[in-house]
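Trainee: Quick one: the structure is below, questions incoming.
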Amino acid sequence: MENPDTRAAAPPEETLCPQCGKPASLCVCEAVGAVENRVAVLILQHPQEQDRLLGTARLAARQLSNATFRIGLSWASLAKALGRPADASQWAVLHLGSAKPSDLPPGREVVALDRKGAVLPDQDAALKGIRGIVVFDGTWAQAKTLWWRNAWVLKAQRLALAPKRRSLYGDLRREPRRESLSTIEAIGLALSAIEGRPEIDAGLREGFATMLAKYRAAAEAGEITPQAPKAGGDRRRKWRGKRG
């Protein structure tokens, strides 16, 4: 799920970390802390998502104690994607909708929706019942492809995000909407709301900040060559409001 409007060139001879997928000069696996999560996370990455330098999906899977990372286009069921038994009706997917945060209940950064995208009346009960979340990682078009090629997601509830703070990406990526988030930030926000544990969000954001600090240091040292962000970019996926 992300929005690299900026691409950067890493030395082609660098070995990629098998855990985070980043070049060795940008790997922060040893520096980030583990984050315990009860609610499971399934990250589905489109095969054409290639942002190894600024992408956060693998880092999220690396930090979380209960996370599964898969690359592909379609799976016959949630259980097939997870590699273990699971009931999609007990899960929620970060929703690919078009509503603005202003359309959602005020004061909530994470909103539970039914399978048709309507806001559920008892938000606290709806969130407590969620056993896991599905997150798509890729461009807007890639995320839509994942959505439509995995019919089982229609059995799940949906989650809409209305974050109060801006992404830590800052000027590294230029987004068309203020509330855009990275994959790791979206996961942290959702898990913290469901489990009632803000330390999950804090831990993932800390890991993300560490990654960005190393990226900026490498760019300043000339170890990588980042490209300037493009306004509007390629309309890549944004974790926002009712998802889009």
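By order of appearance in the structure tokens: chains A, B, ..., then residues from 1 within every chain, and ligands from 1 in the order shown.
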What's around region 73-75 of chain A at 10 Å? Count only C-alpha atoms, leave out sequence neighbours fewer than 3 positions away in its own chain, and write the answer as a compact mmCIF listing (two decimals) with all heavy atoms, in the first residue's frame.
Mentor:
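Result file follows (selection03.txt):
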```txt
# COMPACT_ATOMS: atom_id res chain seq x y z
N LEU A 44 -0.83 -7.92 1.79
CA LEU A 44 -0.78 -8.47 0.45
C LEU A 44 -0.15 -7.43 -0.48
O LEU A 44 -0.72 -6.35 -0.70
CB LEU A 44 -2.19 -8.82 -0.04
CG LEU A 44 -2.95 -9.84 0.83
CD1 LEU A 44 -4.33 -10.11 0.24
CD2 LEU A 44 -2.16 -11.14 0.95
N GLN A 45 1.00 -7.75 -1.01
CA GLN A 45 1.72 -6.81 -1.87
C GLN A 45 1.60 -7.22 -3.34
O GLN A 45 1.81 -8.39 -3.68
CB GLN A 45 3.19 -6.72 -1.48
CG GLN A 45 3.97 -5.65 -2.23
CD GLN A 45 5.42 -5.58 -1.80
OE1 GLN A 45 6.23 -6.41 -2.20
NE2 GLN A 45 5.74 -4.60 -0.96
N HIS A 46 1.29 -6.25 -4.17
CA HIS A 46 1.21 -6.50 -5.61
C HIS A 46 2.62 -6.84 -6.13
O HIS A 46 3.59 -6.22 -5.72
CB HIS A 46 0.67 -5.26 -6.32
CG HIS A 46 0.25 -5.51 -7.73
ND1 HIS A 46 1.17 -5.63 -8.76
CD2 HIS A 46 -0.98 -5.65 -8.30
CE1 HIS A 46 0.52 -5.82 -9.90
NE2 HIS A 46 -0.78 -5.86 -9.65
N PRO A 47 2.74 -7.82 -7.03
CA PRO A 47 4.07 -8.22 -7.52
C PRO A 47 4.87 -7.10 -8.19
O PRO A 47 6.10 -7.16 -8.23
CB PRO A 47 3.75 -9.33 -8.54
CG PRO A 47 2.42 -9.85 -8.12
CD PRO A 47 1.67 -8.67 -7.58
N GLN A 48 4.18 -6.09 -8.69
CA GLN A 48 4.88 -5.01 -9.38
C GLN A 48 5.27 -3.85 -8.46
O GLN A 48 5.84 -2.86 -8.92
CB GLN A 48 4.03 -4.50 -10.55
CG GLN A 48 3.85 -5.53 -11.65
CD GLN A 48 3.00 -5.02 -12.79
OE1 GLN A 48 2.52 -3.90 -12.77
NE2 GLN A 48 2.81 -5.85 -13.79
N ARG A 70 2.69 -11.40 2.08
CA ARG A 70 2.58 -12.19 0.87
C ARG A 70 2.70 -11.30 -0.36
O ARG A 70 2.22 -10.17 -0.36
CB ARG A 70 1.24 -12.92 0.82
CG ARG A 70 1.04 -13.96 1.91
CD ARG A 70 1.75 -15.27 1.56
NE ARG A 70 1.44 -16.30 2.54
CZ ARG A 70 2.17 -16.60 3.60
NH1 ARG A 70 3.29 -15.92 3.82
NH2 ARG A 70 1.82 -17.55 4.43
N LEU A 78 -9.04 -16.40 2.39
CA LEU A 78 -8.21 -15.81 3.42
C LEU A 78 -7.29 -16.86 4.02
O LEU A 78 -6.10 -16.60 4.26
CB LEU A 78 -9.09 -15.20 4.52
CG LEU A 78 -8.38 -14.69 5.78
CD1 LEU A 78 -7.39 -13.58 5.45
CD2 LEU A 78 -9.41 -14.21 6.80
N ALA A 79 -7.81 -18.05 4.23
CA ALA A 79 -7.01 -19.13 4.81
C ALA A 79 -5.83 -19.48 3.91
O ALA A 79 -4.72 -19.73 4.39
CB ALA A 79 -7.88 -20.37 5.03
N LYS A 80 -6.04 -19.47 2.59
CA LYS A 80 -4.96 -19.76 1.66
C LYS A 80 -3.89 -18.67 1.72
O LYS A 80 -2.69 -18.95 1.65
CB LYS A 80 -5.51 -19.87 0.24
CG LYS A 80 -6.37 -21.10 -0.02
CD LYS A 80 -5.54 -22.37 0.00
CE LYS A 80 -6.38 -23.58 -0.38
NZ LYS A 80 -5.58 -24.84 -0.35
N ALA A 81 -4.31 -17.43 1.83
CA ALA A 81 -3.35 -16.33 1.90
C ALA A 81 -2.56 -16.37 3.20
O ALA A 81 -1.35 -16.10 3.21
CB ALA A 81 -4.08 -14.99 1.78
N LEU A 82 -3.22 -16.74 4.29
CA LEU A 82 -2.56 -16.80 5.60
C LEU A 82 -1.73 -18.06 5.79
O LEU A 82 -0.75 -18.05 6.53
CB LEU A 82 -3.61 -16.74 6.71
CG LEU A 82 -4.17 -15.38 7.10
CD1 LEU A 82 -5.33 -15.56 8.08
CD2 LEU A 82 -3.10 -14.50 7.72
N GLN A 142 -2.85 -0.93 -8.46
CA GLN A 142 -2.48 -2.26 -7.99
C GLN A 142 -3.35 -2.71 -6.82
O GLN A 142 -3.75 -3.87 -6.73
CB GLN A 142 -1.00 -2.26 -7.58
CG GLN A 142 -0.04 -2.14 -8.75
CD GLN A 142 1.37 -1.83 -8.31
OE1 GLN A 142 1.64 -1.62 -7.12
NE2 GLN A 142 2.30 -1.77 -9.25
N ALA A 143 -3.66 -1.78 -5.92
CA ALA A 143 -4.52 -2.11 -4.79
C ALA A 143 -5.92 -2.48 -5.26
O ALA A 143 -6.54 -3.40 -4.73
CB ALA A 143 -4.57 -0.93 -3.81
N THR A 145 -6.63 -3.80 -8.09
CA THR A 145 -6.51 -5.13 -8.69
C THR A 145 -6.57 -6.21 -7.62
O THR A 145 -7.28 -7.22 -7.76
CB THR A 145 -5.19 -5.25 -9.47
OG1 THR A 145 -5.21 -4.31 -10.56
CG2 THR A 145 -5.01 -6.65 -10.03
N LEU A 146 -5.83 -6.00 -6.53
CA LEU A 146 -5.85 -6.97 -5.43
C LEU A 146 -7.25 -7.11 -4.84
O LEU A 146 -7.70 -8.20 -4.49
CB LEU A 146 -4.85 -6.55 -4.35
CG LEU A 146 -3.37 -6.70 -4.71
CD1 LEU A 146 -2.49 -6.01 -3.67
CD2 LEU A 146 -2.99 -8.18 -4.81
N TRP A 147 -7.93 -5.97 -4.71
CA TRP A 147 -9.30 -5.98 -4.16
C TRP A 147 -10.22 -6.85 -5.03
O TRP A 147 -10.91 -7.73 -4.52
CB TRP A 147 -9.81 -4.55 -4.07
CG TRP A 147 -11.22 -4.42 -3.59
CD1 TRP A 147 -12.36 -4.54 -4.34
CD2 TRP A 147 -11.66 -4.16 -2.26
NE1 TRP A 147 -13.47 -4.37 -3.56
CE2 TRP A 147 -13.07 -4.12 -2.28
CE3 TRP A 147 -10.99 -3.92 -1.06
CZ2 TRP A 147 -13.82 -3.87 -1.13
CZ3 TRP A 147 -11.75 -3.68 0.09
CH2 TRP A 147 -13.15 -3.66 0.04
N TRP A 148 -10.22 -6.61 -6.32
CA TRP A 148 -11.17 -7.29 -7.20
C TRP A 148 -10.77 -8.73 -7.52
O TRP A 148 -11.63 -9.53 -7.89
CB TRP A 148 -11.36 -6.50 -8.48
CG TRP A 148 -12.08 -5.20 -8.24
CD1 TRP A 148 -11.60 -3.95 -8.41
CD2 TRP A 148 -13.42 -5.05 -7.76
NE1 TRP A 148 -12.54 -3.01 -8.05
CE2 TRP A 148 -13.67 -3.66 -7.65
CE3 TRP A 148 -14.44 -5.94 -7.40
CZ2 TRP A 148 -14.89 -3.16 -7.21
CZ3 TRP A 148 -15.65 -5.43 -6.97
CH2 TRP A 148 -15.86 -4.06 -6.87
N ARG A 149 -9.51 -9.06 -7.36
CA ARG A 149 -9.09 -10.42 -7.67
C ARG A 149 -9.17 -11.35 -6.47
O ARG A 149 -8.86 -12.52 -6.56
CB ARG A 149 -7.67 -10.42 -8.24
CG ARG A 149 -7.60 -9.77 -9.61
CD ARG A 149 -6.29 -10.03 -10.31
NE ARG A 149 -6.06 -11.45 -10.52
CZ ARG A 149 -5.19 -11.93 -11.42
NH1 ARG A 149 -4.49 -11.09 -12.16
NH2 ARG A 149 -5.01 -13.21 -11.55
N ASN A 150 -9.57 -10.82 -5.32
CA ASN A 150 -9.71 -11.64 -4.11
C ASN A 150 -11.12 -11.45 -3.56
O ASN A 150 -11.36 -10.63 -2.66
CB ASN A 150 -8.66 -11.23 -3.08
CG ASN A 150 -7.26 -11.61 -3.52
OD1 ASN A 150 -6.82 -12.74 -3.38
ND2 ASN A 150 -6.53 -10.65 -4.10
N ALA A 151 -12.05 -12.19 -4.12
CA ALA A 151 -13.47 -12.02 -3.79
C ALA A 151 -13.77 -12.24 -2.31
O ALA A 151 -14.75 -11.69 -1.79
CB ALA A 151 -14.31 -12.98 -4.64
N TRP A 152 -12.93 -12.99 -1.62
CA TRP A 152 -13.19 -13.27 -0.21
C TRP A 152 -13.13 -12.02 0.66
O TRP A 152 -13.67 -12.02 1.76
CB TRP A 152 -12.23 -14.33 0.31
CG TRP A 152 -10.78 -14.08 0.01
CD1 TRP A 152 -10.08 -14.56 -1.06
CD2 TRP A 152 -9.86 -13.29 0.76
NE1 TRP A 152 -8.77 -14.12 -1.01
CE2 TRP A 152 -8.61 -13.34 0.10
CE3 TRP A 152 -9.96 -12.55 1.95
CZ2 TRP A 152 -7.48 -12.67 0.56
CZ3 TRP A 152 -8.84 -11.88 2.42
CH2 TRP A 152 -7.63 -11.95 1.73
```
Trainee: Need to verify the contact set: Glu199 (chain A), 12 Å, only C-alpha atoms, exclusion of same-chain residues closer than 6 positions in sequence. Can you return it as number ranges by chain?
Mentor: A: 33-37, 188-189, 191-193, 205-206
Trainee: Between A:Met211, A:Lys116, A:Pro226, A:Pro198, which is the closest to Lys22 (chain A) once you count only C-alpha atoms?
Mentor: A:Met211
Trainee: Could you write out, as a ChimeraX atom specification, all the residues of region 61-216 of chain A that DSSP marks as helix (DSSP H, G or I)?
Mentor: /A:61-63,78-82,88-90,101-103,123-128,140-149,151-155,170-172,183-195,198-216
Trainee: Which polymer residues have any atom within 6 Å of an atom of Leu113 (chain A), counting only C-alpha atoms, with same-chain residues fewer than 6 positions away left out, as a ChimeraX atom specification?
Mentor: /A:119-120,158-159
Trainee: Using N, CA and C atoms, can you export the residues from the last selection as an mmCIF file, in the first residue's frame?
Mentor:
```
data_model
loop_
_atom_site.group_PDB
_atom_site.id
_atom_site.type_symbol
_atom_site.label_atom_id
_atom_site.label_comp_id
_atom_site.auth_asym_id
_atom_site.auth_seq_id
_atom_site.Cartn_x
_atom_site.Cartn_y
_atom_site.Cartn_z
ATOM 1 N N VAL A 119 -21.307 2.995 7.794
ATOM 2 C CA VAL A 119 -20.760 3.089 9.141
ATOM 3 C C VAL A 119 -21.594 2.244 10.100
ATOM 4 N N LEU A 120 -20.944 1.387 10.871
ATOM 5 C CA LEU A 120 -21.644 0.546 11.832
ATOM 6 C C LEU A 120 -22.064 1.372 13.048
ATOM 7 N N ARG A 158 -14.986 -3.636 6.899
ATOM 8 C CA ARG A 158 -14.059 -2.672 6.314
ATOM 9 C C ARG A 158 -13.676 -1.642 7.362
ATOM 10 N N LEU A 159 -12.483 -1.116 7.218
ATOM 11 C CA LEU A 159 -12.003 -0.075 8.117
ATOM 12 C C LEU A 159 -11.665 1.173 7.310
#
```
Trainee: CA of Val111 (chain A) to CA of Gln123 (chain A): how many Å, to one decimal?
Mentor: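 Rounded to one decimal, the two atoms are 7.0 Å apart.
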Trainee: Between A:His95, A:Leu181, A:Ala221, A:Ala209, which residue has the minimum interatomic distance to Lys144 (chain A), considering only C-alpha atoms?
Mentor: A:His95
Trainee: Need to verify the contact set: Cys20 (chain A), 12 Å, only C-alpha atoms, exclusion of same-chain residues closer than 4 positions in sequence. Can you return it as a list in words?
Mentor: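 Within the cut-off, the hits are Thr15, Leu16, Ala24, Ser25, Leu26, Cys27, Val28, Cys29, Glu30, Val32, Asp51, Arg52, Leu53, Leu54, Gly55, Thr56, Ala57, Arg58, Leu59, Ala60, Ala61, Arg62, Gln63, Phe69, Gly207, Phe208 and Met211 of chain A.
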